[in-house]
There are 4 protein chains.
Amino acid sequence: MTLAFIGLGHMGAGMARSLLRAGHQVAVYNRTREKAEALAPEGAQVAASPADACRDCEAAITMLADDHAAETVVFGQDGMAGALGHGTHISSSTISTALARRFTVEHQKRGQDYLSAAVFGRPDAAEAGQLVVVTAGAADVVERFRPVLDALGRKTVVAGVEPWQANAAKLCGNFMLASLLETYGEAFATLRKAGVDLHVFLEAVNALFGSPVYANYGRMIADEEFGSAGFALKLGFKDLRLVLETAVECASPMPLASLVRDQFLSAVAQGDGDLDWSAMTRVAARNAGL
Amino acid sequence: MTLAFIGLGHMGAGMARSLLRAGHQVAVYNRTREKAEALAPEGAQVAASPADACRDCEAAITMLADDHAAETVVFGQDGMAGALGHGTHISSSTISTALARRFTVEHQKRGQDYLSAAVFGRPDAAEAGQLVVVTAGAADVVERFRPVLDALGRKTVVAGVEPWQANAAKLCGNFMLASLLETYGEAFATLRKAGVDLHVFLEAVNALFGSPVYANYGRMIADEEFGSAGFALKLGFKDLRLVLETAVECASPMPLASLVRDQFLSAVAQGDGDLDWSAMTRVAARNAGL
Amino acid sequence: MTLAFIGLGHMGAGMARSLLRAGHQVAVYNRTREKAEALAPEGAQVAASPADACRDCEAAITMLADDHAAETVVFGQDGMAGALGHGTHISSSTISTALARRFTVEHQKRGQDYLSAAVFGRPDAAEAGQLVVVTAGAADVVERFRPVLDALGRKTVVAGVEPWQANAAKLCGNFMLASLLETYGEAFATLRKAGVDLHVFLEAVNALFGSPVYANYGRMIADEEFGSAGFALKLGFKDLRLVLETAVECASPMPLASLVRDQFLSAVAQGDGDLDWSAMTRVAARNAGL
Amino acid sequence: MTLAFIGLGHMGAGMARSLLRAGHQVAVYNRTREKAEALAPEGAQVAASPADACRDCEAAITMLADDHAAETVVFGQDGMAGALGHGTHISSSTISTALARRFTVEHQKRGQDYLSAAVFGRPDAAEAGQLVVVTAGAADVVERFRPVLDALGRKTVVAGVEPWQANAAKLCGNFMLASLLETYGEAFATLRKAGVDLHVFLEAVNALFGSPVYANYGRMIADEEFGSAGFALKLGFKDLRLVLETAVECASPMPLASLVRDQFLSAVAQGDGDLDWSAMTRVAARNAGL
């Protein structure tokens, strides 16, 4: 297919490469042009603006940092909205459910289709086309672009017919990861004060849960390896805020999400916002006097 | 080895069978005698009291419901303490770290060794000798009884040289499971109100975490299958209380454990104490008006 | 002075009357015109729009339900911004600190001054000119309008030179009230289950705290008199959300505010949003099985 | 009346003096004898043991630090239980509801009456006989000793006919004070970061709540005057633990009490256990990076 890909950060670059590898024709745009040019050798056409990228494309995939960036790319000067024609916007950014609803309405007004297609996974999974894709939108549109979604991930699930439902699912998934971090933070603080070797405890945890996610985060947190921000703490904080906004929209209290949000905020207040989000476990440690 | 096994509930019966299967000689005792007699065909000798069971044994393994039951079996009339001689008490019950320290001291006074050997896993894993064993105690005692521990589980880890450290690790492990339940409870309440199919969401969760624990609990909670109490909610509540007592001893605040404890208490207050502990997720659902 | 007053709800009507009683000339506007006309006999001039009300006034006081209403009155069609000339906008609405900052900037652009002048007190205090006023803004502007503020309340304090600081103080004050509600909710649930008469307990509480606020809310909650919404629960929920937004701006975690917010959300989810905000105590009662 | 008074700490000494001043005959005992001897000039007889103090008394009032001290004084060597005859034990200590029930049963076995008579107020109120007394027990026993209770305080309320109900009420009262501390802690942390002068904010708070308790704690916390431990933080922490135990007995979740308990525990972990309990507000400040 003729595609546009906008937003070539840690995740986006790998996703764009997966699409090129699957044989799609991809015009790429990034605010910092170098990141777009890095994809030219692999066959991507480098575009000068979001509008430029998505002209004549069947679908434009966006992978941006937050609501503000996503709004700017769509509605800003030289934005997608005016150039997409009758194409489809597939948003993979972790944005608010409110913005997903706004995109749905605004694209519809312009005769454009809109899908949310949130992704789970770290940059290496994006690179390898091994993400987990949670999409939502009109069934025929989902079917039309299934080859695109399948090129991004090893699994695609459909959360519903309203695009924002995929964003709700994505935010709840990130909440699950974040609450695992807090769980580790508290268990480790207590066990360190109890004189239990964390790696021994992790052997039991790994035997019990059998999950690579538990294994990876457990090791990172036990070893306090927070430097290389696979996922920046301040972005994790943003996601907790977004899941709580969705919880308000749905009138569904999430006290654990609130607790985790506050721990992230404490981490930000203490200057750890640019570390990997697993560094939020330092808050529990500090509160235990460690 | 010549062993005693005291406490033949869902978990204990399977553990005793694993020991018999491994070729150990096992005298068994249970308050309700029928449960002991059920093991006779497999070679167990049925004892009339804890004292009777552990006379002349090298080690007596206990698997009891709570601190009160464990204290009664050890220090009560016809209890173990007076009959164990120079044998070793291996406690697999999920008891408080305070009681584990008391056992350590009291057995030592009597010239007896004491190990904590907490286990992770559900009854079917106990039956199959596939538990995860977290033990702690003097290194030579651990080594002496490693064959016993290895017969109980697929993996044995040593949390430290003080027995209570194994109990701390076990309680933190149960806390990790309980906080997963609350995580599911909140995510599912929000997603149900968002109209997202929980089984679709679980497909993404399973692809992401790759953990049988997540898969099993996710399915049970989505399907509201709380009837067959694999692990009774009121016992889970007890464990949350115990981990918080350990947190106090260690001066390590665990706000997430507190939150989860309060949700369990709400479930108990609303009459769900005898259901499987995953039924604590109904509290989040009720608070969302579901 | 020549004043405009916009927003004549429970609080605003009483405040406008206090200004009239103090001898000020007041043009009044309300979306539902009847509420404006009710003030005509007391000397108010009834205006047809916010713009109409504030033409030629020295200051326009606004008392509106939320950010959305305040923005509409200021920037909407026939709004204040275009008609205020070089007058001053004095905002008494409980709005977000973010909107207060926006008002500051936007009025400044138009050569207009802006003060936040938040008020504490229930409608009867507004009627009697006995509110507590927390204002903030440029010192000379505060001084110029002190007679207006003094006509509204029995006490005026100055929170800072940036208007949003008064909003932060107001939101923190409402947080203090809301956390008192939750405190009562939990204490009463436990004492009811303990069989302690709540009015006896309140005698001790009143002797201890000596606060009319404690006395009033204590009695209302003990008697479950939630019907006459002195302050609607859903508006209280909004304020908790606003204080948490301010907490994020200030990077200051407020876990108690989060907890209270979630209890309000549960009350909303269970259909109590239109009751008095003290009805949020029903959540603690329900979670105790009452 | 012929009374014994056991436990002459900050509170007990003042209470004993109030009883002497009211004309009662009082034998006093304290573990550190000097504190007992200090009361001799005011007419107290100095006793050598709890048993010695309560021999031939009509009632023995106890005011001790915690459950352990209270149990030792009653059941220990030379304890009250064996010497009280048919006298009455009036316990003013802040002890657990469980211990109050045990006292009820054990005294009854010995033909002794038992009242809980918890007190609210700081040492200066104890000194002045201006405490608030919350008592519970059999109605005739309460009436018989009303003159004693009235000598201790300015107000006596009766929480019920079972003594432990007074302890439940006392613990809930302390919970109300503790949750006020956390409320101040969070509001002040946010306002400090917002640049709002705390004393200005307190003017509004005082005008709003009109409570001396708010005024005193507000000033102490704003000025960070935590040195002179009117009430030691570690004792406050103990009380939060006790109220949560009562909450478990009553199956009444108290998430705010849990939150406050965890903040106290964090304060203890960071070495502030001997400061005044209002120092628990430093936890919120630290978590905001202050």
# chains A, B, ... in the order shown; residues from 1 in each chain; ligands from 1
call {"tool": "closest_atom_pairs", "arguments": {"of": "chain B", "to": "chain D", "cutoff": "7 Å", "atoms": "only C-alpha atoms", "output": "Markdown table"}}
result
| residue | atom | partner | partner_atom | distance |
| --- | --- | --- | --- | --- |
| B:Ala251 | CA | D:Ala269 | CA | 5.1 |
| B:Ser252 | CA | D:Ala269 | CA | 6.8 |
| B:Pro253 | CA | D:Asp262 | CA | 5.2 |
| B:Met254 | CA | D:Asp262 | CA | 6.9 |
| B:Pro255 | CA | D:Asp262 | CA | 6.2 |
| B:Ser258 | CA | D:Ser258 | CA | 6.0 |
| B:Leu259 | CA | D:Pro255 | CA | 6.6 |
| B:Asp262 | CA | D:Pro253 | CA | 5.2 |
| B:Leu265 | CA | D:Pro253 | CA | 5.9 |
| B:Ser266 | CA | D:Pro253 | CA | 5.8 |
| B:Val268 | CA | D:Ala251 | CA | 6.9 |
| B:Ala269 | CA | D:Ala251 | CA | 5.1 |
call {"tool": "write_last_selection", "arguments": {"atoms": "all heavy atoms", "output": "PDB file, in the first residue's frame"}}
result
ATOM      1  N   ALA B 251       9.997  -1.348  58.891  1.00  0.00           N
ATOM      2  CA  ALA B 251       9.841   0.088  58.662  1.00  0.00           C
ATOM      3  C   ALA B 251       9.902   0.403  57.173  1.00  0.00           C
ATOM      4  O   ALA B 251      10.695   1.221  56.709  1.00  0.00           O
ATOM      5  CB  ALA B 251      10.870   0.903  59.444  1.00  0.00           C
ATOM      6  N   SER B 252       9.060  -0.259  56.420  1.00  0.00           N
ATOM      7  CA  SER B 252       9.009  -0.081  54.970  1.00  0.00           C
ATOM      8  C   SER B 252       7.552   0.091  54.538  1.00  0.00           C
ATOM      9  O   SER B 252       6.807  -0.879  54.473  1.00  0.00           O
ATOM     10  CB  SER B 252       9.613  -1.325  54.301  1.00  0.00           C
ATOM     11  OG  SER B 252       9.454  -1.265  52.905  1.00  0.00           O
ATOM     12  N   PRO B 253       7.122   1.331  54.299  1.00  0.00           N
ATOM     13  CA  PRO B 253       5.710   1.546  53.940  1.00  0.00           C
ATOM     14  C   PRO B 253       5.348   0.836  52.640  1.00  0.00           C
ATOM     15  O   PRO B 253       6.125   0.859  51.686  1.00  0.00           O
ATOM     16  CB  PRO B 253       5.612   3.069  53.753  1.00  0.00           C
ATOM     17  CG  PRO B 253       6.849   3.635  54.358  1.00  0.00           C
ATOM     18  CD  PRO B 253       7.896   2.573  54.272  1.00  0.00           C
ATOM     19  N   MET B 254       4.191   0.207  52.603  1.00  0.00           N
ATOM     20  CA  MET B 254       3.709  -0.483  51.404  1.00  0.00           C
ATOM     21  C   MET B 254       2.284  -0.007  51.109  1.00  0.00           C
ATOM     22  O   MET B 254       1.316  -0.731  51.357  1.00  0.00           O
ATOM     23  CB  MET B 254       3.747  -1.995  51.629  1.00  0.00           C
ATOM     24  CG  MET B 254       5.153  -2.539  51.864  1.00  0.00           C
ATOM     25  SD  MET B 254       5.198  -4.357  52.084  1.00  0.00           S
ATOM     26  CE  MET B 254       4.973  -4.936  50.388  1.00  0.00           C
ATOM     27  N   PRO B 255       2.155   1.206  50.550  1.00  0.00           N
ATOM     28  CA  PRO B 255       0.813   1.752  50.342  1.00  0.00           C
ATOM     29  C   PRO B 255      -0.056   0.902  49.420  1.00  0.00           C
ATOM     30  O   PRO B 255      -1.269   0.847  49.593  1.00  0.00           O
ATOM     31  CB  PRO B 255       1.079   3.142  49.751  1.00  0.00           C
ATOM     32  CG  PRO B 255       2.495   3.124  49.277  1.00  0.00           C
ATOM     33  CD  PRO B 255       3.217   2.153  50.165  1.00  0.00           C
ATOM     34  N   SER B 258      -1.470  -1.803  51.442  1.00  0.00           N
ATOM     35  CA  SER B 258      -2.559  -1.268  52.272  1.00  0.00           C
ATOM     36  C   SER B 258      -3.845  -1.148  51.472  1.00  0.00           C
ATOM     37  O   SER B 258      -4.925  -1.505  51.933  1.00  0.00           O
ATOM     38  CB  SER B 258      -2.172   0.111  52.828  1.00  0.00           C
ATOM     39  OG  SER B 258      -1.111  -0.015  53.743  1.00  0.00           O
ATOM     40  N   LEU B 259      -3.711  -0.606  50.262  1.00  0.00           N
ATOM     41  CA  LEU B 259      -4.890  -0.449  49.408  1.00  0.00           C
ATOM     42  C   LEU B 259      -5.525  -1.815  49.134  1.00  0.00           C
ATOM     43  O   LEU B 259      -6.746  -1.980  49.245  1.00  0.00           O
ATOM     44  CB  LEU B 259      -4.464   0.225  48.103  1.00  0.00           C
ATOM     45  CG  LEU B 259      -5.523   0.617  47.084  1.00  0.00           C
ATOM     46  CD1 LEU B 259      -4.956   1.668  46.140  1.00  0.00           C
ATOM     47  CD2 LEU B 259      -6.040  -0.544  46.253  1.00  0.00           C
ATOM     48  N   ASP B 262      -7.348  -3.200  52.071  1.00  0.00           N
ATOM     49  CA  ASP B 262      -8.653  -2.576  52.291  1.00  0.00           C
ATOM     50  C   ASP B 262      -9.701  -3.088  51.311  1.00  0.00           C
ATOM     51  O   ASP B 262     -10.872  -3.215  51.668  1.00  0.00           O
ATOM     52  CB  ASP B 262      -8.523  -1.049  52.199  1.00  0.00           C
ATOM     53  CG  ASP B 262      -7.815  -0.472  53.425  1.00  0.00           C
ATOM     54  OD1 ASP B 262      -7.973  -1.038  54.527  1.00  0.00           O
ATOM     55  OD2 ASP B 262      -7.103   0.524  53.287  1.00  0.00           O
ATOM     56  N   LEU B 265     -10.757  -6.338  52.634  1.00  0.00           N
ATOM     57  CA  LEU B 265     -11.628  -6.166  53.809  1.00  0.00           C
ATOM     58  C   LEU B 265     -13.037  -5.788  53.367  1.00  0.00           C
ATOM     59  O   LEU B 265     -14.029  -6.253  53.937  1.00  0.00           O
ATOM     60  CB  LEU B 265     -11.038  -5.087  54.731  1.00  0.00           C
ATOM     61  CG  LEU B 265     -11.816  -4.811  56.014  1.00  0.00           C
ATOM     62  CD1 LEU B 265     -12.084  -6.085  56.815  1.00  0.00           C
ATOM     63  CD2 LEU B 265     -11.055  -3.802  56.877  1.00  0.00           C
ATOM     64  N   SER B 266     -13.130  -4.963  52.324  1.00  0.00           N
ATOM     65  CA  SER B 266     -14.444  -4.612  51.802  1.00  0.00           C
ATOM     66  C   SER B 266     -15.148  -5.857  51.257  1.00  0.00           C
ATOM     67  O   SER B 266     -16.345  -6.051  51.466  1.00  0.00           O
ATOM     68  CB  SER B 266     -14.299  -3.545  50.702  1.00  0.00           C
ATOM     69  OG  SER B 266     -15.558  -3.096  50.292  1.00  0.00           O
ATOM     70  N   VAL B 268     -14.708  -8.900  52.272  1.00  0.00           N
ATOM     71  CA  VAL B 268     -15.130  -9.679  53.444  1.00  0.00           C
ATOM     72  C   VAL B 268     -16.404  -9.073  54.029  1.00  0.00           C
ATOM     73  O   VAL B 268     -17.363  -9.793  54.342  1.00  0.00           O
ATOM     74  CB  VAL B 268     -14.000  -9.722  54.496  1.00  0.00           C
ATOM     75  CG1 VAL B 268     -14.512 -10.257  55.836  1.00  0.00           C
ATOM     76  CG2 VAL B 268     -12.831 -10.569  53.998  1.00  0.00           C
ATOM     77  N   ALA B 269     -16.414  -7.725  54.146  1.00  0.00           N
ATOM     78  CA  ALA B 269     -17.572  -7.047  54.731  1.00  0.00           C
ATOM     79  C   ALA B 269     -18.832  -7.290  53.905  1.00  0.00           C
ATOM     80  O   ALA B 269     -19.943  -7.245  54.426  1.00  0.00           O
ATOM     81  CB  ALA B 269     -17.296  -5.544  54.847  1.00  0.00           C
TER      82      ALA B 269
END
call {"tool": "residues_around", "arguments": {"residues": "B:Ile6", "least_positions_apart": "5", "cutoff": "7 Å", "atoms": "only C-alpha atoms", "output": "tab-separated table (two decimals) with C-alpha atoms, in the first residue's frame"}}
result
chain	number	residue	atom	x	y	z
B	28	VAL	CA	0.60	-37.96	58.73
B	29	TYR	CA	-1.68	-36.09	61.05
B	30	ASN	CA	-4.73	-33.96	60.43
B	50	PRO	CA	1.06	-34.04	66.19
B	61	ILE	CA	6.72	-30.60	57.91
B	62	THR	CA	3.74	-28.44	58.88
B	63	MET	CA	1.25	-26.93	56.43
call {"tool": "select_by_dssp", "arguments": {"residues": "stretch 99-232 of chain A", "states": "helix (DSSP H, G or I)", "output": "VMD selection string"}}
result
chain A and resid 99 to 109 123 to 127 139 to 144 146 to 152 163 to 193 198 to 209 212 to 222
call {"tool": "residues_around", "arguments": {"residues": "A:Gln112", "least_positions_apart": "6", "cutoff": "6 Å", "atoms": "only C-alpha atoms", "output": "list in words"}}
result
His86, Gly87 and Thr88 of chain A
call {"tool": "write_last_selection", "arguments": {"atoms": "N, CA and C atoms", "output": "CSV table (one decimal), in the first residue's frame"}}
result
chain,number,residue,atom,x,y,z
A,86,HIS,N,-9.2,11.4,0.9
A,86,HIS,CA,-10.1,10.4,1.4
A,86,HIS,C,-9.3,9.2,2.0
A,87,GLY,N,-8.1,9.5,2.4
A,87,GLY,CA,-7.3,8.5,3.1
A,87,GLY,C,-7.7,8.2,4.5
A,88,THR,N,-7.0,7.3,5.2
A,88,THR,CA,-7.3,6.9,6.5
A,88,THR,C,-6.1,7.3,7.5
call {"tool": "residues_around", "arguments": {"residues": "B:Gly129", "least_positions_apart": "6", "cutoff": "8 Å", "atoms": "only C-alpha atoms", "output": "VMD selection string"}}
result
chain B and resid 14 to 15 18 151 to 154
call {"tool": "write_last_selection", "arguments": {"atoms": "C-alpha atoms", "output": "PDB file, in the first residue's frame"}}
result
ATOM      1  CA  GLY B  14      -0.623 -33.004  47.734  1.00  0.00           C
ATOM      2  CA  MET B  15       2.687 -32.181  49.395  1.00  0.00           C
ATOM      3  CA  SER B  18       4.833 -35.902  46.740  1.00  0.00           C
ATOM      4  CA  ALA B 151      10.570 -33.543  46.412  1.00  0.00           C
ATOM      5  CA  LEU B 152       7.998 -30.831  47.073  1.00  0.00           C
ATOM      6  CA  GLY B 153       8.825 -28.491  44.249  1.00  0.00           C
ATOM      7  CA  ARG B 154      10.379 -27.925  40.908  1.00  0.00           C
TER       8      ARG B 154
END
call {"tool": "select_by_dssp", "arguments": {"residues": "stretch 3-48 of chain C", "states": "strand (DSSP E or B)", "output": "list of chain:residue names"}}
result
C:Leu3, C:Ala4, C:Phe5, C:Ile6, C:Gln25, C:Val26, C:Ala27, C:Val28, C:Tyr29, C:Gln45, C:Val46
call {"tool": "write_last_selection", "arguments": {"atoms": "N, CA, C and O atoms", "output": "PDB file, in the first residue's frame"}}
result
ATOM      1  N   LEU C   3     -20.252  48.436  39.096  1.00  0.00           N
ATOM      2  CA  LEU C   3     -19.827  47.045  38.996  1.00  0.00           C
ATOM      3  C   LEU C   3     -20.758  46.241  38.084  1.00  0.00           C
ATOM      4  O   LEU C   3     -21.913  46.613  37.883  1.00  0.00           O
ATOM      5  N   ALA C   4     -20.201  45.124  37.588  1.00  0.00           N
ATOM      6  CA  ALA C   4     -21.043  44.112  36.944  1.00  0.00           C
ATOM      7  C   ALA C   4     -20.926  42.847  37.766  1.00  0.00           C
ATOM      8  O   ALA C   4     -19.884  42.592  38.376  1.00  0.00           O
ATOM      9  N   PHE C   5     -22.010  42.070  37.801  1.00  0.00           N
ATOM     10  CA  PHE C   5     -21.934  40.779  38.481  1.00  0.00           C
ATOM     11  C   PHE C   5     -22.556  39.733  37.568  1.00  0.00           C
ATOM     12  O   PHE C   5     -23.724  39.828  37.193  1.00  0.00           O
ATOM     13  N   ILE C   6     -21.769  38.708  37.263  1.00  0.00           N
ATOM     14  CA  ILE C   6     -22.197  37.716  36.282  1.00  0.00           C
ATOM     15  C   ILE C   6     -22.196  36.332  36.912  1.00  0.00           C
ATOM     16  O   ILE C   6     -21.165  35.875  37.396  1.00  0.00           O
ATOM     17  N   GLN C  25     -23.149  50.277  42.606  1.00  0.00           N
ATOM     18  CA  GLN C  25     -24.074  50.225  41.484  1.00  0.00           C
ATOM     19  C   GLN C  25     -23.769  48.939  40.722  1.00  0.00           C
ATOM     20  O   GLN C  25     -22.643  48.739  40.269  1.00  0.00           O
ATOM     21  N   VAL C  26     -24.738  48.033  40.614  1.00  0.00           N
ATOM     22  CA  VAL C  26     -24.427  46.713  40.075  1.00  0.00           C
ATOM     23  C   VAL C  26     -25.344  46.319  38.919  1.00  0.00           C
ATOM     24  O   VAL C  26     -26.560  46.247  39.066  1.00  0.00           O
ATOM     25  N   ALA C  27     -24.719  46.080  37.739  1.00  0.00           N
ATOM     26  CA  ALA C  27     -25.454  45.498  36.612  1.00  0.00           C
ATOM     27  C   ALA C  27     -25.291  43.990  36.688  1.00  0.00           C
ATOM     28  O   ALA C  27     -24.167  43.500  36.865  1.00  0.00           O
ATOM     29  N   VAL C  28     -26.399  43.260  36.599  1.00  0.00           N
ATOM     30  CA  VAL C  28     -26.320  41.812  36.787  1.00  0.00           C
ATOM     31  C   VAL C  28     -26.719  41.060  35.530  1.00  0.00           C
ATOM     32  O   VAL C  28     -27.588  41.485  34.780  1.00  0.00           O
ATOM     33  N   TYR C  29     -26.031  39.916  35.332  1.00  0.00           N
ATOM     34  CA  TYR C  29     -26.384  39.058  34.205  1.00  0.00           C
ATOM     35  C   TYR C  29     -26.391  37.608  34.672  1.00  0.00           C
ATOM     36  O   TYR C  29     -25.525  37.174  35.434  1.00  0.00           O
ATOM     37  N   GLN C  45     -29.339  46.570  37.939  1.00  0.00           N
ATOM     38  CA  GLN C  45     -29.780  46.740  36.564  1.00  0.00           C
ATOM     39  C   GLN C  45     -29.620  45.405  35.857  1.00  0.00           C
ATOM     40  O   GLN C  45     -28.547  44.784  35.917  1.00  0.00           O
ATOM     41  N   VAL C  46     -30.643  44.953  35.173  1.00  0.00           N
ATOM     42  CA  VAL C  46     -30.600  43.651  34.517  1.00  0.00           C
ATOM     43  C   VAL C  46     -29.996  43.795  33.119  1.00  0.00           C
ATOM     44  O   VAL C  46     -30.472  44.598  32.314  1.00  0.00           O
TER      45      VAL C  46
END
call {"tool": "closest_residue", "arguments": {"among": "D:Ala178, D:Val132, D:Ala207, D:Met1", "to": "D:Phe120", "atoms": "only C-alpha atoms"}}
result
D:Val132
call {"tool": "residues_around", "arguments": {"residues": "stretch 220-227 of chain B", "least_positions_apart": "2", "cutoff": "9 Å", "atoms": "only C-alpha atoms", "output": "VMD selection string"}}
result
chain B and resid 181 184 to 185 188 198 to 199 202 215 to 218 229 to 230 274 to 279 281 to 282
call {"tool": "residues_around", "arguments": {"residues": "A:Leu149", "least_positions_apart": "2", "cutoff": "12 Å", "atoms": "only C-alpha atoms", "output": "ChimeraX atom specification"}}
result
/A:1,15-16,18-19,22,24,59,61,90-92,115-119,126,129-136,141-147,151-158
